[in-house]
Amino acid sequence: MAFDAARFVSQKIGELGQYADGNAIIATSGGVDSTTAAVLAKKALGRKLHCVFVDTGLLRKGEAETARKNFKKCGLDVKIVDASSRFLNGLKGVTNPERKRKIIGGLFIRIFEEEARRVQAKYLAQGTIAPDWIESGAGIRDNIKSHHNVGGLPKEMGLLLIEPMRDLYKDEVRLVAKELGIPSDVFSRQPFPGPGLAIRILGEVTKERVEIVREACAIVEEELEAAARKRKMALPWQYFAVLLPVKSVGVQGDVRAYGCTIAVRAVEAADGMTANYSAVPHGVLHKISLRITNAMKDKVNRVVFDVTNKPPATIEWE
Ligand code: XMP
């Protein structure tokens, strides 16, 4: 049976009413999942819902500003918490992907707890969707990755969890967003993972390495969106850059260089559970490579394109 977004919305608003006996807090990242969950919860809980946006310092270029504008468009009043130095300090020296996810998830919860205490919240609402907990190994499935809003949750967090969208897939969330009147530039945004750029940096997360991958991601986004506008290709489902933990030899002018490698990832998917790599035209890849290596001449001297599907790979590299 086709998913009925209107029915889902009215049913969930009714169900969420049972949590109106106390204040609730929700972390909104500006992405489609958490924004939709926040608008849904706002409809049911009104002023009892407190929205928080955590600037982890692991966001894409201009993301905090875009999120601020989008919240306004959606009628959400959101408190912005700058926690970038806490995240960078917490990740110092950590290279293991699961440890990164656990540290980030733990810090998110710590910050929500602080905000929750401030507003005396009883509930924590989250925009968790089905792939988040399925891939975090709930029950019978293997733990592929601890999605930060599931696997990173400390057991004793002192807040009751509300997850109104935990049975939905991404395409259904977009239908719900549309139904709720969320502007299309919010719900048609490509997905961005909760742990942010940290899982697009293989190896240690440092301020300098965040800046490299942030710039590379911005270039990949700009070039693929420009190519789609010019109808050279369809816009992929998700597209970004990854900073690899290897350096390779190159040449800068006539001098030997030893620089970082960026991988470009672009995939087609319906819900992110499986994916095929996108056939990005060579001309577009060429331009991305030129722009990345020119913008970061002394840092990046090699760009590669990921031609792996999911499975056997995953979409993100960590
Ligand atoms: P993977 O890499 O597991 O990603 O194939 C599938 C989709 O999920 C996103 N992703 C996350 N989303 N928290 C999120 O909210 C996370 O921890 C997380 N990890 C991966 C990923 O970007 C892709 O869209």
# chains A, B, ... in the order shown; residues from 1 in each chain; ligands from 1
call {"tool": "residues_around", "arguments": {"residues": "range 301-310 of chain A", "least_positions_apart": "2", "cutoff": "9 Å", "atoms": "only C-alpha atoms", "output": "number ranges by chain"}}
result
A: 247-252, 257-267, 272-279, 285, 288-290, 292-294, 296-299, 312-315
call {"tool": "closest_atom_pairs", "arguments": {"of": "chain A", "to": "ligand 1", "cutoff": "9 Å", "atoms": "only C-alpha atoms and all ligand atoms", "output": "tab-separated table"}}
result
residue	atom	partner	partner_atom_place_in_ligand_line	distance
A:Gly31	CA	ligand 1	15 (O)	8.8
A:Asp33	CA	ligand 1	15 (O)	7.9
A:Ser34	CA	ligand 1	15 (O)	8.7
A:Arg101	CA	ligand 1	17 (O)	6.9
A:Gly105	CA	ligand 1	17 (O)	8.4
A:Gly127	CA	ligand 1	15 (O)	8.3
A:Thr128	CA	ligand 1	15 (O)	7.2
A:Ile129	CA	ligand 1	15 (O)	8.2
A:Pro131	CA	ligand 1	8 (O)	7.1
A:Asp132	CA	ligand 1	14 (C)	6.4
A:Glu135	CA	ligand 1	3 (O)	6.8
A:Ser136	CA	ligand 1	17 (O)	8.8
A:Ile144	CA	ligand 1	3 (O)	7.2
A:Lys145	CA	ligand 1	3 (O)	6.4
A:Ser146	CA	ligand 1	17 (O)	6.2
A:His147	CA	ligand 1	17 (O)	3.2
A:His148	CA	ligand 1	17 (O)	4.1
A:Asn149	CA	ligand 1	13 (N)	6.1
A:Val150	CA	ligand 1	17 (O)	7.9
A:Gly151	CA	ligand 1	17 (O)	8.4
A:Gly152	CA	ligand 1	17 (O)	8.9
A:Lys170	CA	ligand 1	24 (O)	8.9
A:Gln190	CA	ligand 1	24 (O)	7.8
A:Pro191	CA	ligand 1	24 (O)	5.0
A:Phe192	CA	ligand 1	22 (O)	5.0
A:Pro193	CA	ligand 1	12 (N)	3.6
A:Gly194	CA	ligand 1	13 (N)	4.0
A:Pro195	CA	ligand 1	17 (O)	5.4
A:Gly196	CA	ligand 1	16 (C)	8.0
A:Ile199	CA	ligand 1	19 (N)	7.9
A:Trp237	CA	ligand 1	24 (O)	8.5
A:Gln238	CA	ligand 1	24 (O)	6.8
A:Ala269	CA	ligand 1	24 (O)	8.9
A:Asp271	CA	ligand 1	7 (C)	7.7
A:Gly272	CA	ligand 1	6 (C)	4.6
A:Met273	CA	ligand 1	6 (C)	6.1
A:Thr274	CA	ligand 1	5 (O)	7.2
A:Ala275	CA	ligand 1	5 (O)	7.8
A:Lys310	CA	ligand 1	5 (O)	6.7
A:Pro311	CA	ligand 1	5 (O)	8.4
A:Ala313	CA	ligand 1	5 (O)	7.4
A:Thr314	CA	ligand 1	5 (O)	3.7
A:Ile315	CA	ligand 1	5 (O)	3.7
A:Glu316	CA	ligand 1	2 (O)	3.6
A:Trp317	CA	ligand 1	2 (O)	6.3
A:Glu318	CA	ligand 1	2 (O)	6.7
call {"tool": "write_last_selection", "arguments": {"atoms": "C-alpha atoms", "output": "mmCIF file, in the first residue's frame"}}
result
data_model
loop_
_atom_site.group_PDB
_atom_site.id
_atom_site.type_symbol
_atom_site.label_atom_id
_atom_site.label_comp_id
_atom_site.auth_asym_id
_atom_site.auth_seq_id
_atom_site.Cartn_x
_atom_site.Cartn_y
_atom_site.Cartn_z
ATOM 1 C CA GLY A 31 18.547 18.375 7.588
ATOM 2 C CA ASP A 33 14.899 14.278 9.145
ATOM 3 C CA SER A 34 15.367 16.466 12.203
ATOM 4 C CA ARG A 101 30.827 7.939 16.247
ATOM 5 C CA GLY A 105 27.035 10.724 19.919
ATOM 6 C CA GLY A 127 14.403 12.511 13.873
ATOM 7 C CA THR A 128 15.644 8.901 13.858
ATOM 8 C CA ILE A 129 14.514 7.022 10.733
ATOM 9 C CA PRO A 131 17.939 3.010 8.254
ATOM 10 C CA ASP A 132 19.532 4.653 11.331
ATOM 11 C CA GLU A 135 22.182 -0.247 10.356
ATOM 12 C CA SER A 136 23.061 0.315 14.001
ATOM 13 C CA ILE A 144 27.315 -1.855 10.311
ATOM 14 C CA LYS A 145 27.804 1.614 11.796
ATOM 15 C CA SER A 146 26.615 3.224 14.994
ATOM 16 C CA HIS A 147 24.491 6.053 13.670
ATOM 17 C CA HIS A 148 25.201 8.855 16.060
ATOM 18 C CA ASN A 149 21.600 9.354 17.089
ATOM 19 C CA VAL A 150 21.245 5.658 18.025
ATOM 20 C CA GLY A 151 24.476 3.850 18.832
ATOM 21 C CA GLY A 152 26.031 6.770 20.651
ATOM 22 C CA LYS A 170 13.988 8.816 3.553
ATOM 23 C CA GLN A 190 20.795 15.792 0.100
ATOM 24 C CA PRO A 191 21.300 13.796 3.331
ATOM 25 C CA PHE A 192 24.131 14.826 5.633
ATOM 26 C CA PRO A 193 25.197 12.449 8.425
ATOM 27 C CA GLY A 194 24.844 13.430 12.083
ATOM 28 C CA PRO A 195 28.568 12.949 12.837
ATOM 29 C CA GLY A 196 29.217 15.442 10.053
ATOM 30 C CA ILE A 199 33.267 10.562 9.147
ATOM 31 C CA TRP A 237 21.071 11.362 -4.438
ATOM 32 C CA GLN A 238 24.138 12.204 -2.365
ATOM 33 C CA ALA A 269 19.794 5.586 -4.019
ATOM 34 C CA ASP A 271 16.625 5.214 0.803
ATOM 35 C CA GLY A 272 20.368 4.876 1.388
ATOM 36 C CA MET A 273 20.124 1.181 2.291
ATOM 37 C CA THR A 274 21.653 0.296 -1.063
ATOM 38 C CA ALA A 275 23.268 2.608 -3.591
ATOM 39 C CA LYS A 310 26.627 -0.275 -1.622
ATOM 40 C CA PRO A 311 27.048 -3.155 -0.940
ATOM 41 C CA ALA A 313 30.880 -0.439 0.275
ATOM 42 C CA THR A 314 28.723 1.940 2.292
ATOM 43 C CA ILE A 315 27.876 5.453 1.138
ATOM 44 C CA GLU A 316 30.048 7.250 3.691
ATOM 45 C CA TRP A 317 33.578 5.914 4.071
ATOM 46 C CA GLU A 318 33.305 5.484 7.851
#
call {"tool": "closest_residue", "arguments": {"among": "A:Trp133, A:Tyr239, A:Phe3, A:Phe108", "to": "Val280 in chain A", "atoms": "only C-alpha atoms"}}
result
A:Tyr239
call {"tool": "atom_distance", "arguments": {"atom1": "CA of Ala216 in chain A", "atom2": "CA of Thr35 in chain A"}}
result
25.7 Å
call {"tool": "closest_residue", "arguments": {"among": "A:Val300, A:Phe112, A:Gly75, A:Arg60", "to": "Glu221 in chain A", "atoms": "only C-alpha atoms"}}
result
A:Arg60
call {"tool": "select_by_dssp", "arguments": {"residues": "range 14-228 of chain A", "states": "strand (DSSP E or B)", "output": "list in words"}}
result
Asn23, Ala24, Ile25, Ile26, Ala27, Leu49, His50, Cys51, Val52, Phe53, Val54, Asp55, Val78, Lys79, Ile80, Val81, Asp82, Ala121, Lys122, Tyr123, Leu124, Ala125, Leu160, Leu161, Ile162 and Ile201 of chain A
call {"tool": "write_last_selection", "arguments": {"atoms": "N, CA and C atoms", "output": "JSON list (two decimals), in the first residue's frame"}}
result
[["chain", "number", "residue", "atom", "x", "y", "z"],
["A", 23, "ASN", "N", 8.17, 19.41, 29.37],
["A", 23, "ASN", "CA", 8.89, 20.04, 28.25],
["A", 23, "ASN", "C", 9.67, 18.99, 27.47],
["A", 24, "ALA", "N", 9.82, 19.25, 26.20],
["A", 24, "ALA", "CA", 10.61, 18.35, 25.35],
["A", 24, "ALA", "C", 11.70, 19.18, 24.66],
["A", 25, "ILE", "N", 12.77, 18.48, 24.32],
["A", 25, "ILE", "CA", 13.86, 19.15, 23.62],
["A", 25, "ILE", "C", 14.15, 18.36, 22.34],
["A", 26, "ILE", "N", 14.47, 19.06, 21.28],
["A", 26, "ILE", "CA", 14.84, 18.34, 20.04],
["A", 26, "ILE", "C", 16.07, 19.00, 19.45],
["A", 27, "ALA", "N", 16.97, 18.18, 18.95],
["A", 27, "ALA", "CA", 18.15, 18.70, 18.28],
["A", 27, "ALA", "C", 17.85, 18.75, 16.80],
["A", 49, "LEU", "N", 7.95, 22.50, 23.27],
["A", 49, "LEU", "CA", 9.09, 21.96, 22.53],
["A", 49, "LEU", "C", 10.18, 23.01, 22.40],
["A", 50, "HIS", "N", 11.42, 22.63, 22.78],
["A", 50, "HIS", "CA", 12.56, 23.53, 22.68],
["A", 50, "HIS", "C", 13.54, 22.96, 21.65],
["A", 51, "CYS", "N", 13.83, 23.75, 20.63],
["A", 51, "CYS", "CA", 14.72, 23.27, 19.56],
["A", 51, "CYS", "C", 16.14, 23.80, 19.76],
["A", 52, "VAL", "N", 17.10, 22.91, 19.56],
["A", 52, "VAL", "CA", 18.51, 23.28, 19.73],
["A", 52, "VAL", "C", 19.28, 22.87, 18.48],
["A", 53, "PHE", "N", 20.16, 23.75, 18.01],
["A", 53, "PHE", "CA", 21.04, 23.42, 16.89],
["A", 53, "PHE", "C", 22.47, 23.44, 17.44],
["A", 54, "VAL", "N", 23.16, 22.31, 17.32],
["A", 54, "VAL", "CA", 24.52, 22.24, 17.83],
["A", 54, "VAL", "C", 25.50, 22.46, 16.68],
["A", 55, "ASP", "N", 26.29, 23.53, 16.79],
["A", 55, "ASP", "CA", 27.34, 23.74, 15.80],
["A", 55, "ASP", "C", 28.55, 22.96, 16.28],
["A", 78, "VAL", "N", 14.92, 28.39, 17.18],
["A", 78, "VAL", "CA", 15.98, 27.42, 17.51],
["A", 78, "VAL", "C", 17.14, 28.10, 18.25],
["A", 79, "LYS", "N", 17.58, 27.49, 19.33],
["A", 79, "LYS", "CA", 18.76, 28.01, 20.04],
["A", 79, "LYS", "C", 20.02, 27.41, 19.42],
["A", 80, "ILE", "N", 20.97, 28.25, 19.04],
["A", 80, "ILE", "CA", 22.22, 27.76, 18.43],
["A", 80, "ILE", "C", 23.28, 27.63, 19.54],
["A", 81, "VAL", "N", 23.87, 26.45, 19.65],
["A", 81, "VAL", "CA", 24.93, 26.23, 20.66],
["A", 81, "VAL", "C", 26.25, 26.00, 19.92],
["A", 82, "ASP", "N", 27.24, 26.84, 20.15],
["A", 82, "ASP", "CA", 28.54, 26.63, 19.50],
["A", 82, "ASP", "C", 29.38, 25.70, 20.37],
["A", 121, "ALA", "N", 13.55, 19.84, 30.70],
["A", 121, "ALA", "CA", 12.86, 18.93, 29.78],
["A", 121, "ALA", "C", 12.72, 17.54, 30.38],
["A", 122, "LYS", "N", 11.66, 16.89, 29.99],
["A", 122, "LYS", "CA", 11.44, 15.50, 30.40],
["A", 122, "LYS", "C", 11.73, 14.58, 29.20],
["A", 123, "TYR", "N", 11.50, 15.09, 28.00],
["A", 123, "TYR", "CA", 11.60, 14.26, 26.79],
["A", 123, "TYR", "C", 12.69, 14.76, 25.84],
["A", 124, "LEU", "N", 13.26, 13.81, 25.12],
["A", 124, "LEU", "CA", 14.19, 14.13, 24.03],
["A", 124, "LEU", "C", 13.56, 13.59, 22.74],
["A", 125, "ALA", "N", 13.20, 14.49, 21.83],
["A", 125, "ALA", "CA", 12.63, 14.05, 20.55],
["A", 125, "ALA", "C", 13.76, 13.96, 19.53],
["A", 160, "LEU", "N", 13.39, 10.85, 28.43],
["A", 160, "LEU", "CA", 12.62, 9.82, 27.72],
["A", 160, "LEU", "C", 12.65, 10.15, 26.23],
["A", 161, "LEU", "N", 12.87, 9.12, 25.43],
["A", 161, "LEU", "CA", 13.09, 9.32, 24.00],
["A", 161, "LEU", "C", 11.78, 9.28, 23.21],
["A", 162, "ILE", "N", 11.60, 10.27, 22.32],
["A", 162, "ILE", "CA", 10.45, 10.27, 21.41],
["A", 162, "ILE", "C", 11.00, 10.23, 19.99],
["A", 201, "ILE", "N", 36.54, 12.25, 7.14],
["A", 201, "ILE", "CA", 37.97, 12.44, 7.34],
["A", 201, "ILE", "C", 38.49, 11.11, 7.87]]
call {"tool": "residues_around", "arguments": {"residues": "Val39 in chain A", "least_positions_apart": "5", "cutoff": "8 Å", "atoms": "only C-alpha atoms", "output": "PDB file with all heavy atoms, in the first residue's frame"}}
result
ATOM      1  N   CYS A  74      10.584  27.612   8.440  1.00  0.00           N
ATOM      2  CA  CYS A  74       9.703  26.548   8.953  1.00  0.00           C
ATOM      3  C   CYS A  74       8.978  26.970  10.223  1.00  0.00           C
ATOM      4  O   CYS A  74       8.274  26.160  10.833  1.00  0.00           O
ATOM      5  CB  CYS A  74      10.513  25.294   9.265  1.00  0.00           C
ATOM      6  SG  CYS A  74      11.303  24.583   7.844  1.00  0.00           S
ATOM      7  N   LEU A  76      10.335  27.676  13.116  1.00  0.00           N
ATOM      8  CA  LEU A  76      10.928  27.107  14.331  1.00  0.00           C
ATOM      9  C   LEU A  76      11.843  28.125  14.993  1.00  0.00           C
ATOM     10  O   LEU A  76      12.641  28.778  14.314  1.00  0.00           O
ATOM     11  CB  LEU A  76      11.753  25.852  13.984  1.00  0.00           C
ATOM     12  CG  LEU A  76      11.003  24.654  13.431  1.00  0.00           C
ATOM     13  CD1 LEU A  76      11.995  23.599  12.945  1.00  0.00           C
ATOM     14  CD2 LEU A  76      10.075  24.061  14.493  1.00  0.00           C
ATOM     15  N   LEU A 180       3.761  18.755   5.595  1.00  0.00           N
ATOM     16  CA  LEU A 180       3.812  19.721   6.701  1.00  0.00           C
ATOM     17  C   LEU A 180       4.075  21.141   6.225  1.00  0.00           C
ATOM     18  O   LEU A 180       4.155  22.065   7.018  1.00  0.00           O
ATOM     19  CB  LEU A 180       4.919  19.313   7.694  1.00  0.00           C
ATOM     20  CG  LEU A 180       4.621  18.101   8.576  1.00  0.00           C
ATOM     21  CD1 LEU A 180       5.891  17.612   9.251  1.00  0.00           C
ATOM     22  CD2 LEU A 180       3.560  18.435   9.614  1.00  0.00           C
TER      23      LEU A 180
END
call {"tool": "select_by_dssp", "arguments": {"residues": "range 32-185 of chain A", "states": "helix (DSSP H, G or I)", "output": "PyMOL selection string"}}
result
chain A and resi 32-48+63-73+84-90+97-119+130-134+170-179+184-185
call {"tool": "closest_atom_pairs", "arguments": {"of": "range 31-149 of chain A", "to": "range 13-19 of chain A", "cutoff": "9 Å", "atoms": "only C-alpha atoms", "output": "Markdown table"}}
result
| residue | atom | partner | partner_atom | distance |
| --- | --- | --- | --- | --- |
| A:Leu40 | CA | A:Ile13 | CA | 6.7 |
| A:Ala41 | CA | A:Leu16 | CA | 6.9 |
| A:Lys43 | CA | A:Ile13 | CA | 6.7 |
| A:Ala44 | CA | A:Ile13 | CA | 5.1 |
| A:Leu45 | CA | A:Gly17 | CA | 6.6 |
| A:Lys122 | CA | A:Tyr19 | CA | 8.9 |
| A:Tyr123 | CA | A:Tyr19 | CA | 7.7 |
call {"tool": "write_last_selection", "arguments": {"atoms": "N, CA, C and O atoms", "output": "PDB file, in the first residue's frame"}}
result
ATOM      1  N   LEU A  40       6.870  18.509  13.145  1.00  0.00           N
ATOM      2  CA  LEU A  40       5.805  17.582  13.579  1.00  0.00           C
ATOM      3  C   LEU A  40       5.581  17.713  15.090  1.00  0.00           C
ATOM      4  O   LEU A  40       4.440  17.873  15.555  1.00  0.00           O
ATOM      5  N   ALA A  41       6.677  17.682  15.845  1.00  0.00           N
ATOM      6  CA  ALA A  41       6.561  17.772  17.306  1.00  0.00           C
ATOM      7  C   ALA A  41       6.037  19.145  17.727  1.00  0.00           C
ATOM      8  O   ALA A  41       5.266  19.254  18.685  1.00  0.00           O
ATOM      9  N   LYS A  43       3.933  20.965  16.160  1.00  0.00           N
ATOM     10  CA  LYS A  43       2.480  20.999  15.943  1.00  0.00           C
ATOM     11  C   LYS A  43       1.747  20.356  17.117  1.00  0.00           C
ATOM     12  O   LYS A  43       0.650  20.769  17.474  1.00  0.00           O
ATOM     13  N   ALA A  44       2.365  19.323  17.695  1.00  0.00           N
ATOM     14  CA  ALA A  44       1.694  18.616  18.793  1.00  0.00           C
ATOM     15  C   ALA A  44       1.990  19.259  20.149  1.00  0.00           C
ATOM     16  O   ALA A  44       1.123  19.283  21.013  1.00  0.00           O
ATOM     17  N   LEU A  45       3.200  19.773  20.324  1.00  0.00           N
ATOM     18  CA  LEU A  45       3.619  20.199  21.677  1.00  0.00           C
ATOM     19  C   LEU A  45       3.720  21.706  21.848  1.00  0.00           C
ATOM     20  O   LEU A  45       3.849  22.187  22.976  1.00  0.00           O
ATOM     21  N   LYS A 122      11.659  16.892  29.988  1.00  0.00           N
ATOM     22  CA  LYS A 122      11.436  15.503  30.400  1.00  0.00           C
ATOM     23  C   LYS A 122      11.727  14.580  29.204  1.00  0.00           C
ATOM     24  O   LYS A 122      12.117  13.442  29.360  1.00  0.00           O
ATOM     25  N   TYR A 123      11.500  15.092  28.003  1.00  0.00           N
ATOM     26  CA  TYR A 123      11.605  14.263  26.793  1.00  0.00           C
ATOM     27  C   TYR A 123      12.692  14.756  25.837  1.00  0.00           C
ATOM     28  O   TYR A 123      12.950  15.956  25.753  1.00  0.00           O
TER      29      TYR A 123
END
call {"tool": "closest_residue", "arguments": {"among": "A:Arg231, A:Glu172, A:Glu179, A:Glu204", "to": "Pro97 in chain A", "atoms": "only C-alpha atoms"}}
result
A:Glu204
call {"tool": "closest_residue", "arguments": {"among": "A:Ala83, A:Ala270, A:Val246, A:Leu58", "to": "Asp171 in chain A", "atoms": "only C-alpha atoms"}}
result
A:Ala270
call {"tool": "atom_distance", "arguments": {"atom1": "CA of Ala295 in chain A", "atom2": "CA of Pro236 in chain A"}}
result
23.6 Å
call {"tool": "atom_distance", "arguments": {"atom1": "CA of Val9 in chain A", "atom2": "CA of Arg117 in chain A"}}
result
29.3 Å
